[in-house]
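Next up, coords11.txt (compact mmCIF, N, CA and C atoms):
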# COMPACT_ATOMS: atom_id res chain seq x y z
N THR X 1 9.93 7.81 -4.08
CA THR X 1 9.68 7.12 -5.33
C THR X 1 8.32 6.43 -5.27
N VAL X 2 7.53 6.61 -6.31
CA VAL X 2 6.23 5.94 -6.40
C VAL X 2 6.45 4.49 -6.76
N TRP X 3 5.85 3.59 -5.99
CA TRP X 3 6.03 2.16 -6.21
C TRP X 3 4.85 1.57 -6.99
N GLN X 4 3.62 1.87 -6.59
CA GLN X 4 2.42 1.37 -7.27
C GLN X 4 1.40 2.48 -7.37
N THR X 5 0.57 2.43 -8.40
CA THR X 5 -0.48 3.43 -8.58
C THR X 5 -1.77 2.72 -8.97
N GLY X 6 -2.83 3.50 -9.09
CA GLY X 6 -4.09 2.95 -9.58
C GLY X 6 -3.95 2.53 -11.03
N ARG X 7 -4.86 1.65 -11.46
CA ARG X 7 -4.83 1.14 -12.83
C ARG X 7 -6.08 1.57 -13.58
N PRO X 8 -5.93 2.18 -14.74
CA PRO X 8 -7.09 2.62 -15.52
C PRO X 8 -8.04 1.45 -15.79
N GLY X 9 -9.34 1.70 -15.60
CA GLY X 9 -10.36 0.70 -15.88
C GLY X 9 -10.51 -0.36 -14.81
N LYS X 10 -9.78 -0.25 -13.70
CA LYS X 10 -9.88 -1.23 -12.62
C LYS X 10 -10.50 -0.58 -11.40
N PHE X 11 -10.87 -1.40 -10.41
CA PHE X 11 -11.52 -0.87 -9.21
C PHE X 11 -10.63 0.11 -8.46
N ASP X 12 -9.32 0.02 -8.63
CA ASP X 12 -8.39 0.91 -7.93
C ASP X 12 -7.86 2.02 -8.83
N HIS X 13 -8.66 2.41 -9.83
CA HIS X 13 -8.23 3.38 -10.83
C HIS X 13 -7.88 4.75 -10.27
N ASN X 14 -8.47 5.12 -9.15
CA ASN X 14 -8.27 6.47 -8.62
C ASN X 14 -7.09 6.56 -7.66
N GLY X 15 -6.34 5.48 -7.53
CA GLY X 15 -5.17 5.49 -6.66
C GLY X 15 -5.34 4.55 -5.49
N LEU X 16 -4.27 4.40 -4.72
CA LEU X 16 -4.31 3.51 -3.58
C LEU X 16 -3.51 4.08 -2.43
N ALA X 17 -3.77 3.53 -1.26
CA ALA X 17 -3.09 3.96 -0.04
C ALA X 17 -2.46 2.75 0.61
N ALA X 18 -1.33 2.97 1.26
CA ALA X 18 -0.60 1.89 1.90
C ALA X 18 -1.45 1.20 2.95
N GLY X 19 -1.29 -0.10 3.01
CA GLY X 19 -1.96 -0.90 4.01
C GLY X 19 -0.98 -1.36 5.08
N PRO X 20 -1.33 -2.40 5.81
CA PRO X 20 -0.44 -2.92 6.86
C PRO X 20 0.77 -3.63 6.26
N GLN X 21 1.62 -4.13 7.14
CA GLN X 21 2.82 -4.84 6.71
C GLN X 21 2.45 -6.05 5.85
N ALA X 22 3.33 -6.39 4.93
CA ALA X 22 3.14 -7.60 4.14
C ALA X 22 3.41 -8.82 5.02
N GLU X 23 2.73 -9.92 4.71
CA GLU X 23 2.92 -11.17 5.45
C GLU X 23 3.32 -12.28 4.49
N ARG X 24 4.23 -13.14 4.93
CA ARG X 24 4.73 -14.23 4.10
C ARG X 24 3.68 -15.33 3.92
N LEU X 25 3.60 -15.83 2.69
CA LEU X 25 2.72 -16.95 2.34
C LEU X 25 3.52 -18.25 2.35
N SER X 26 2.84 -19.37 2.26
CA SER X 26 3.50 -20.68 2.33
C SER X 26 4.47 -20.92 1.17
N ASP X 27 4.28 -20.23 0.05
CA ASP X 27 5.20 -20.41 -1.08
C ASP X 27 6.40 -19.46 -1.02
N GLY X 28 6.48 -18.66 0.04
CA GLY X 28 7.60 -17.74 0.20
C GLY X 28 7.31 -16.32 -0.25
N ASN X 29 6.30 -16.14 -1.12
CA ASN X 29 5.91 -14.80 -1.55
C ASN X 29 5.18 -14.10 -0.41
N TYR X 30 4.82 -12.84 -0.63
CA TYR X 30 4.19 -12.03 0.40
C TYR X 30 2.81 -11.56 -0.02
N LEU X 31 1.87 -11.55 0.93
CA LEU X 31 0.56 -10.94 0.73
C LEU X 31 0.63 -9.50 1.22
N TYR X 32 0.22 -8.57 0.37
CA TYR X 32 0.18 -7.15 0.75
C TYR X 32 -1.23 -6.62 0.47
N LEU X 33 -1.83 -5.99 1.47
CA LEU X 33 -3.16 -5.39 1.31
C LEU X 33 -3.02 -3.88 1.19
N TYR X 34 -3.91 -3.28 0.41
CA TYR X 34 -3.93 -1.82 0.27
C TYR X 34 -5.36 -1.34 0.25
N SER X 35 -5.53 -0.05 0.50
CA SER X 35 -6.85 0.57 0.47
C SER X 35 -6.96 1.44 -0.76
N ILE X 36 -8.18 1.60 -1.25
CA ILE X 36 -8.43 2.52 -2.36
C ILE X 36 -9.47 3.53 -1.94
N ASP X 37 -9.43 4.70 -2.54
CA ASP X 37 -10.40 5.76 -2.26
C ASP X 37 -10.78 6.42 -3.58
N ASN X 38 -12.03 6.28 -3.94
CA ASN X 38 -12.51 6.88 -5.17
C ASN X 38 -13.02 8.30 -4.92
N ARG X 39 -13.59 8.90 -5.92
CA ARG X 39 -14.11 10.26 -5.79
C ARG X 39 -15.06 10.35 -4.61
N ALA X 40 -15.00 11.47 -3.91
CA ALA X 40 -15.84 11.66 -2.72
C ALA X 40 -17.33 11.55 -3.04
N ASP X 41 -17.73 11.90 -4.26
CA ASP X 41 -19.15 11.84 -4.60
C ASP X 41 -19.52 10.53 -5.29
N CYS X 42 -18.61 9.60 -5.32
CA CYS X 42 -18.89 8.31 -5.95
C CYS X 42 -18.97 7.25 -4.87
N GLN X 43 -19.93 6.39 -4.94
CA GLN X 43 -20.11 5.36 -3.93
C GLN X 43 -19.66 3.99 -4.42
N SER X 44 -18.72 3.94 -5.35
CA SER X 44 -18.32 2.64 -5.86
C SER X 44 -16.84 2.52 -6.13
N ALA X 45 -16.27 1.41 -5.71
CA ALA X 45 -14.88 1.10 -6.04
C ALA X 45 -14.76 0.74 -7.51
N SER X 46 -15.88 0.47 -8.17
CA SER X 46 -15.88 0.13 -9.58
C SER X 46 -16.16 1.35 -10.45
N CYS X 47 -16.22 2.52 -9.86
CA CYS X 47 -16.55 3.75 -10.58
C CYS X 47 -15.75 3.87 -11.87
N GLY X 48 -16.45 4.15 -12.93
CA GLY X 48 -15.80 4.37 -14.20
C GLY X 48 -15.81 3.15 -15.10
N LYS X 49 -15.98 1.95 -14.54
CA LYS X 49 -15.97 0.73 -15.35
C LYS X 49 -17.24 0.56 -16.16
N CYS X 50 -18.36 1.06 -15.63
CA CYS X 50 -19.64 0.79 -16.27
C CYS X 50 -20.03 1.84 -17.30
N GLY X 51 -19.37 3.00 -17.27
CA GLY X 51 -19.70 4.05 -18.22
C GLY X 51 -20.87 4.91 -17.80
N GLU X 52 -21.49 4.63 -16.65
CA GLU X 52 -22.62 5.42 -16.16
C GLU X 52 -22.12 6.71 -15.52
N ASP X 53 -23.02 7.65 -15.36
CA ASP X 53 -22.72 8.93 -14.72
C ASP X 53 -22.69 8.74 -13.21
N CYS X 54 -21.52 8.84 -12.61
CA CYS X 54 -21.38 8.61 -11.18
C CYS X 54 -21.86 9.80 -10.34
N ASP X 55 -22.25 10.89 -10.97
CA ASP X 55 -22.72 12.03 -10.21
C ASP X 55 -24.11 11.79 -9.61
N ASP X 56 -24.85 10.83 -10.17
CA ASP X 56 -26.17 10.49 -9.66
C ASP X 56 -26.03 9.26 -8.77
N LYS X 57 -25.78 9.48 -7.48
CA LYS X 57 -25.52 8.38 -6.55
C LYS X 57 -26.64 7.35 -6.57
N GLY X 58 -26.25 6.10 -6.62
CA GLY X 58 -27.22 5.02 -6.55
C GLY X 58 -27.90 4.73 -7.87
N SER X 59 -27.55 5.46 -8.94
CA SER X 59 -28.24 5.27 -10.20
C SER X 59 -27.71 4.06 -10.96
N CYS X 60 -26.57 3.57 -10.57
CA CYS X 60 -25.92 2.50 -11.33
C CYS X 60 -25.96 1.20 -10.54
N SER X 61 -26.56 0.18 -11.10
CA SER X 61 -26.63 -1.10 -10.40
C SER X 61 -25.26 -1.76 -10.29
N TYR X 62 -24.33 -1.40 -11.16
CA TYR X 62 -22.98 -1.97 -11.09
C TYR X 62 -22.23 -1.43 -9.88
N CYS X 63 -22.52 -0.19 -9.53
CA CYS X 63 -21.80 0.47 -8.44
C CYS X 63 -22.42 0.07 -7.10
N ARG X 64 -21.97 -1.06 -6.58
CA ARG X 64 -22.51 -1.58 -5.35
C ARG X 64 -21.45 -1.77 -4.28
N ASP X 65 -20.19 -1.57 -4.63
CA ASP X 65 -19.13 -2.00 -3.73
C ASP X 65 -18.43 -0.88 -2.97
N GLY X 66 -19.01 0.29 -2.93
CA GLY X 66 -18.52 1.31 -2.03
C GLY X 66 -17.45 2.24 -2.57
N ARG X 67 -17.34 3.35 -1.89
CA ARG X 67 -16.36 4.36 -2.27
C ARG X 67 -14.94 3.90 -1.98
N CYS X 68 -14.72 3.28 -0.84
CA CYS X 68 -13.41 2.79 -0.44
C CYS X 68 -13.48 1.28 -0.26
N ALA X 69 -12.40 0.60 -0.62
CA ALA X 69 -12.38 -0.85 -0.55
C ALA X 69 -10.93 -1.31 -0.34
N LEU X 70 -10.76 -2.63 -0.20
CA LEU X 70 -9.44 -3.21 0.02
C LEU X 70 -9.04 -4.06 -1.18
N GLY X 71 -7.82 -3.85 -1.63
CA GLY X 71 -7.24 -4.66 -2.68
C GLY X 71 -6.07 -5.47 -2.14
N TRP X 72 -5.51 -6.33 -2.97
CA TRP X 72 -4.37 -7.14 -2.55
C TRP X 72 -3.36 -7.27 -3.67
N MET X 73 -2.14 -7.54 -3.28
CA MET X 73 -1.05 -7.86 -4.21
C MET X 73 -0.27 -9.04 -3.63
N ILE X 74 0.29 -9.84 -4.50
CA ILE X 74 1.25 -10.85 -4.10
C ILE X 74 2.61 -10.33 -4.56
N LEU X 75 3.54 -10.21 -3.60
CA LEU X 75 4.87 -9.67 -3.87
C LEU X 75 5.89 -10.80 -3.93
N ASP X 76 6.82 -10.69 -4.84
CA ASP X 76 7.85 -11.70 -5.05
C ASP X 76 8.73 -11.86 -3.82
N GLN X 77 9.00 -13.10 -3.44
CA GLN X 77 9.80 -13.39 -2.25
C GLN X 77 11.24 -12.89 -2.36
N ASP X 78 11.79 -12.84 -3.56
CA ASP X 78 13.18 -12.41 -3.74
C ASP X 78 13.30 -10.91 -3.99
N ASN X 79 12.25 -10.32 -4.54
CA ASN X 79 12.24 -8.89 -4.80
C ASN X 79 10.83 -8.36 -4.54
N PRO X 80 10.53 -7.99 -3.29
CA PRO X 80 9.18 -7.57 -2.94
C PRO X 80 8.68 -6.33 -3.70
N LEU X 81 9.54 -5.65 -4.43
CA LEU X 81 9.07 -4.54 -5.26
C LEU X 81 8.41 -5.05 -6.54
N HIS X 82 8.60 -6.33 -6.85
CA HIS X 82 7.98 -6.95 -8.02
C HIS X 82 6.64 -7.57 -7.64
N VAL X 83 5.58 -7.15 -8.32
CA VAL X 83 4.23 -7.66 -8.06
C VAL X 83 4.00 -8.89 -8.94
N VAL X 84 3.74 -10.02 -8.28
CA VAL X 84 3.50 -11.29 -8.97
C VAL X 84 2.05 -11.36 -9.44
N ALA X 85 1.12 -10.87 -8.62
CA ALA X 85 -0.32 -10.88 -8.95
C ALA X 85 -1.00 -9.73 -8.21
N ARG X 86 -2.11 -9.28 -8.77
CA ARG X 86 -2.85 -8.16 -8.16
C ARG X 86 -4.34 -8.36 -8.37
N ALA X 87 -5.12 -7.93 -7.39
CA ALA X 87 -6.57 -8.12 -7.40
C ALA X 87 -7.23 -7.48 -8.62
N GLU X 88 -8.19 -8.19 -9.17
CA GLU X 88 -9.04 -7.64 -10.23
C GLU X 88 -10.31 -7.04 -9.63
N GLU X 89 -10.67 -7.49 -8.45
CA GLU X 89 -11.84 -7.01 -7.72
C GLU X 89 -11.45 -6.81 -6.27
N PRO X 90 -12.17 -5.97 -5.53
CA PRO X 90 -11.84 -5.78 -4.11
C PRO X 90 -12.00 -7.08 -3.31
N VAL X 91 -11.14 -7.27 -2.32
CA VAL X 91 -11.25 -8.43 -1.44
C VAL X 91 -12.27 -8.16 -0.34
N ILE X 92 -12.36 -6.91 0.10
CA ILE X 92 -13.38 -6.48 1.05
C ILE X 92 -13.92 -5.14 0.56
N TYR X 93 -15.22 -5.00 0.54
CA TYR X 93 -15.85 -3.74 0.14
C TYR X 93 -17.08 -3.52 1.03
N PRO X 94 -17.54 -2.27 1.16
CA PRO X 94 -18.68 -1.99 2.04
C PRO X 94 -19.94 -2.70 1.57
N GLU X 95 -20.53 -3.49 2.46
CA GLU X 95 -21.79 -4.15 2.15
C GLU X 95 -22.65 -4.33 3.39
N ARG X 96 -22.03 -4.35 4.55
CA ARG X 96 -22.79 -4.53 5.79
C ARG X 96 -23.27 -3.18 6.30
N GLN X 97 -24.28 -3.21 7.14
CA GLN X 97 -24.89 -1.98 7.63
C GLN X 97 -23.89 -1.07 8.32
N TYR X 98 -22.99 -1.63 9.13
CA TYR X 98 -22.02 -0.82 9.86
C TYR X 98 -20.92 -0.25 8.94
N GLU X 99 -20.88 -0.68 7.66
CA GLU X 99 -19.94 -0.16 6.68
C GLU X 99 -20.59 0.85 5.73
N THR X 100 -21.89 0.75 5.60
CA THR X 100 -22.59 1.58 4.62
C THR X 100 -23.23 2.81 5.26
N PHE X 101 -24.25 2.63 6.08
CA PHE X 101 -24.94 3.77 6.67
C PHE X 101 -25.01 3.75 8.19
N GLY X 102 -24.72 2.60 8.80
CA GLY X 102 -24.84 2.48 10.25
C GLY X 102 -26.24 2.09 10.65
N THR X 103 -26.51 2.23 11.93
CA THR X 103 -27.81 1.87 12.46
C THR X 103 -28.47 3.11 13.07
N GLU X 104 -29.75 3.01 13.35
CA GLU X 104 -30.46 4.13 13.96
C GLU X 104 -29.79 4.49 15.28
N GLY X 105 -29.47 5.73 15.43
CA GLY X 105 -28.79 6.20 16.63
C GLY X 105 -27.28 6.03 16.57
N HIS X 106 -26.78 5.32 15.56
CA HIS X 106 -25.34 5.11 15.42
C HIS X 106 -24.96 5.10 13.93
N PRO X 107 -25.15 6.24 13.25
CA PRO X 107 -24.84 6.29 11.82
C PRO X 107 -23.32 6.28 11.58
N THR X 108 -22.92 5.88 10.40
CA THR X 108 -21.51 5.95 10.06
C THR X 108 -21.13 7.41 9.81
N GLN X 109 -19.89 7.74 10.08
CA GLN X 109 -19.40 9.08 9.83
C GLN X 109 -19.24 9.32 8.33
N THR X 110 -18.75 8.30 7.62
CA THR X 110 -18.58 8.37 6.17
C THR X 110 -19.16 7.10 5.57
N PRO X 111 -20.32 7.17 4.92
CA PRO X 111 -20.94 5.97 4.35
C PRO X 111 -20.10 5.34 3.24
N TRP X 112 -20.26 4.03 3.07
CA TRP X 112 -19.67 3.25 1.98
C TRP X 112 -18.15 3.25 2.00
N VAL X 113 -17.56 3.11 3.21
CA VAL X 113 -16.11 3.15 3.34
C VAL X 113 -15.60 1.97 4.17
N VAL X 114 -14.57 1.29 3.67
CA VAL X 114 -13.75 0.37 4.45
C VAL X 114 -12.30 0.62 4.08
N PHE X 115 -11.40 0.47 5.04
CA PHE X 115 -9.97 0.67 4.78
C PHE X 115 -9.17 -0.21 5.72
N THR X 116 -8.11 -0.79 5.23
CA THR X 116 -7.35 -1.76 6.00
C THR X 116 -6.38 -1.10 6.98
N ASP X 117 -6.34 -1.67 8.19
CA ASP X 117 -5.47 -1.16 9.25
C ASP X 117 -4.47 -2.20 9.74
N GLY X 118 -4.81 -3.47 9.65
CA GLY X 118 -3.93 -4.49 10.20
C GLY X 118 -4.13 -5.84 9.55
N LEU X 119 -3.09 -6.65 9.64
CA LEU X 119 -3.12 -7.99 9.06
C LEU X 119 -2.39 -8.91 10.02
N GLN X 120 -3.06 -9.98 10.44
CA GLN X 120 -2.48 -10.92 11.40
C GLN X 120 -2.55 -12.32 10.82
N LYS X 121 -1.41 -12.99 10.74
CA LYS X 121 -1.38 -14.37 10.27
C LYS X 121 -1.92 -15.26 11.38
N VAL X 122 -2.90 -16.13 11.04
CA VAL X 122 -3.50 -17.01 12.05
C VAL X 122 -3.40 -18.49 11.67
N GLY X 123 -2.84 -18.78 10.52
CA GLY X 123 -2.69 -20.15 10.06
C GLY X 123 -1.94 -20.13 8.75
N GLU X 124 -1.75 -21.31 8.16
CA GLU X 124 -1.06 -21.34 6.87
C GLU X 124 -1.92 -20.67 5.82
N ASP X 125 -1.46 -19.53 5.34
CA ASP X 125 -2.16 -18.74 4.31
C ASP X 125 -3.53 -18.24 4.75
N GLU X 126 -3.76 -18.17 6.07
CA GLU X 126 -4.99 -17.61 6.65
C GLU X 126 -4.63 -16.39 7.48
N PHE X 127 -5.47 -15.36 7.36
CA PHE X 127 -5.19 -14.09 8.01
C PHE X 127 -6.46 -13.46 8.55
N ILE X 128 -6.30 -12.66 9.60
CA ILE X 128 -7.36 -11.78 10.06
C ILE X 128 -7.01 -10.39 9.54
N VAL X 129 -7.95 -9.77 8.85
CA VAL X 129 -7.79 -8.40 8.36
C VAL X 129 -8.57 -7.50 9.30
N TYR X 130 -7.91 -6.53 9.89
CA TYR X 130 -8.57 -5.52 10.71
C TYR X 130 -8.78 -4.31 9.84
N TYR X 131 -10.02 -3.77 9.87
CA TYR X 131 -10.29 -2.65 8.97
C TYR X 131 -11.28 -1.67 9.58
N GLY X 132 -11.16 -0.43 9.15
CA GLY X 132 -12.10 0.60 9.54
C GLY X 132 -13.34 0.49 8.68
N ALA X 133 -14.49 0.78 9.26
CA ALA X 133 -15.76 0.68 8.56
C ALA X 133 -16.57 1.96 8.78
N GLY X 134 -16.84 2.66 7.70
CA GLY X 134 -17.65 3.87 7.78
C GLY X 134 -17.00 5.00 8.57
N ASP X 135 -15.69 4.96 8.75
CA ASP X 135 -14.97 5.95 9.56
C ASP X 135 -15.55 6.04 10.97
N THR X 136 -16.22 4.98 11.42
CA THR X 136 -16.88 4.98 12.72
C THR X 136 -16.59 3.71 13.52
N ASN X 137 -16.43 2.59 12.83
CA ASN X 137 -16.30 1.29 13.47
C ASN X 137 -15.00 0.61 13.07
N VAL X 138 -14.60 -0.37 13.87
CA VAL X 138 -13.47 -1.24 13.54
C VAL X 138 -14.03 -2.65 13.41
N ALA X 139 -13.65 -3.33 12.35
CA ALA X 139 -14.15 -4.67 12.08
C ALA X 139 -12.99 -5.61 11.78
N ALA X 140 -13.28 -6.90 11.72
CA ALA X 140 -12.28 -7.90 11.39
C ALA X 140 -12.92 -8.94 10.47
N ALA X 141 -12.13 -9.45 9.56
CA ALA X 141 -12.59 -10.49 8.64
C ALA X 141 -11.47 -11.50 8.45
N LYS X 142 -11.84 -12.76 8.34
CA LYS X 142 -10.84 -13.80 8.08
C LYS X 142 -10.78 -14.07 6.59
N ILE X 143 -9.57 -14.11 6.05
CA ILE X 143 -9.38 -14.42 4.64
C ILE X 143 -8.40 -15.57 4.51
N ARG X 144 -8.52 -16.29 3.42
CA ARG X 144 -7.59 -17.37 3.11
C ARG X 144 -7.09 -17.16 1.69
N VAL X 145 -5.78 -17.25 1.53
CA VAL X 145 -5.16 -17.10 0.22
C VAL X 145 -4.95 -18.50 -0.35
N ILE X 146 -5.41 -18.71 -1.56
CA ILE X 146 -5.20 -19.99 -2.25
C ILE X 146 -3.88 -19.85 -3.02
N VAL X 147 -2.87 -20.54 -2.52
CA VAL X 147 -1.54 -20.49 -3.14
C VAL X 147 -1.44 -21.65 -4.12
N PRO X 148 -1.18 -21.34 -5.40
CA PRO X 148 -1.07 -22.42 -6.39
C PRO X 148 0.08 -23.36 -6.05
N SER X 149 -0.12 -24.64 -6.32
CA SER X 149 0.96 -25.60 -6.08
C SER X 149 2.06 -25.36 -7.10
N SER X 150 3.27 -25.66 -6.73
CA SER X 150 4.41 -25.40 -7.62
C SER X 150 4.69 -26.56 -8.56
N THR X 151 3.86 -27.59 -8.53
CA THR X 151 4.08 -28.75 -9.42
C THR X 151 3.23 -28.67 -10.64
Represent the structure from my file as structure tokens, please.
Amino acid sequence: TVWQTGRPGKFDHNGLAAGPQAERLSDGNYLYLYSIDNRADCQSASCGKCGEDCDDKGSCSYCRDGRCALGWMILDQDNPLHVVARAEEPVIYPERQYETFGTEGHPTQTPWVVFTDGLQKVGEDEFIVYYGAGDTNVAAAKIRVIVPSST
């Protein structure tokens, strides 16, 4: 059964791929990360939003965030199949040299790609995200989720 799909007009419009296990937040809900993969000839997770021709790589100033990126969802604590909130923009997207083209003598295998592999809770609503970069490197980033107060 299909649980979630890409959303027309959003950065994840071309579909999504499962990420690591969901982790509980301080309010009881769950943080879930997922990866997206756009057209192989498109270098932007925002492809299609700007109306430009994505066949001409690099022609669009809006398309800066890479072919593959990471999104997030907040899942309901009582029914994790219910999505409470979902990213409007990628939480991590290719921007560093080791994610885009690599360095001299160590190019990336696939430019403009990041994809999530792991999630580790390191504090209250703080996590380390482990992710692949350029199909060549493994990287880590610390993220913090701002959980709204219930009052």
* Kindly indicate which residue among X:Gly28, X:Pro80, X:Gly15, X:Gly71 lies nearest to Glu124 of chain X, using only C-alpha atoms for the distances. => X:Gly28
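Neighbours of Val83 of chain X closer than or equal to 6.5 Å, with all atoms listed in the file counted and sequence neighbours fewer than 4 positions away skipped, come out as X:Met73, X:Ile74, X:Leu75, X:Asp76.
Going from atom CA of Val147 of chain X over to atom CA of His82 of chain X, you cover 17.3 Å.
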* Using only C-alpha atoms: which of X:Asp27, X:Glu99, X:Asp12, X:Glu104 has the shortest distance to Ala140 of chain X -> X:Glu99
* Residue list (alpha helix (DSSP H), DSSP) for segment 1-149 of chain X, as a list of chain:residue names -> X:Gln97, X:Tyr98, X:Glu99, X:Thr100
* **Spatial neighbours of Tyr98 of chain X, max dist 8 Å, only C-alpha atoms, sep filter under 2 positions, as a PyMOL selection string** => chain X and resi 96+100-103+107-108+133-134+137
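Atom CA of Val145 of chain X to atom CA of Tyr34 of chain X spans 15.3 Å [interatomic distance, one decimal].
Compared by their closest atoms to Leu25 of chain X, and using only N, CA and C atoms, the residues X:Arg7, X:Asp125, X:Arg144, X:Gly132 rank with X:Asp125 nearest.
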* **Contact residues around Tyr131 of chain X with all atoms listed in the file at 6.5 Å, ignoring same-chain residues under 4 positions, as number ranges by chain** => X: 114-118, 137-141
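For the pair atom CA of Tyr93 of chain X and atom CA of Gln109 of chain X, the separation is 16.5 Å.
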Please report, as lines of an AutoDock Vina configuration file, the centre and edge lengths in Å to one decimal of an axis-aligned box covering all listed atoms of segment 106-115 of chain X with 3 Å per side.
center_x = -18.0
center_y = 4.6
center_z = 8.8
size_x = 23.6
size_y = 15.5
size_z = 19.6
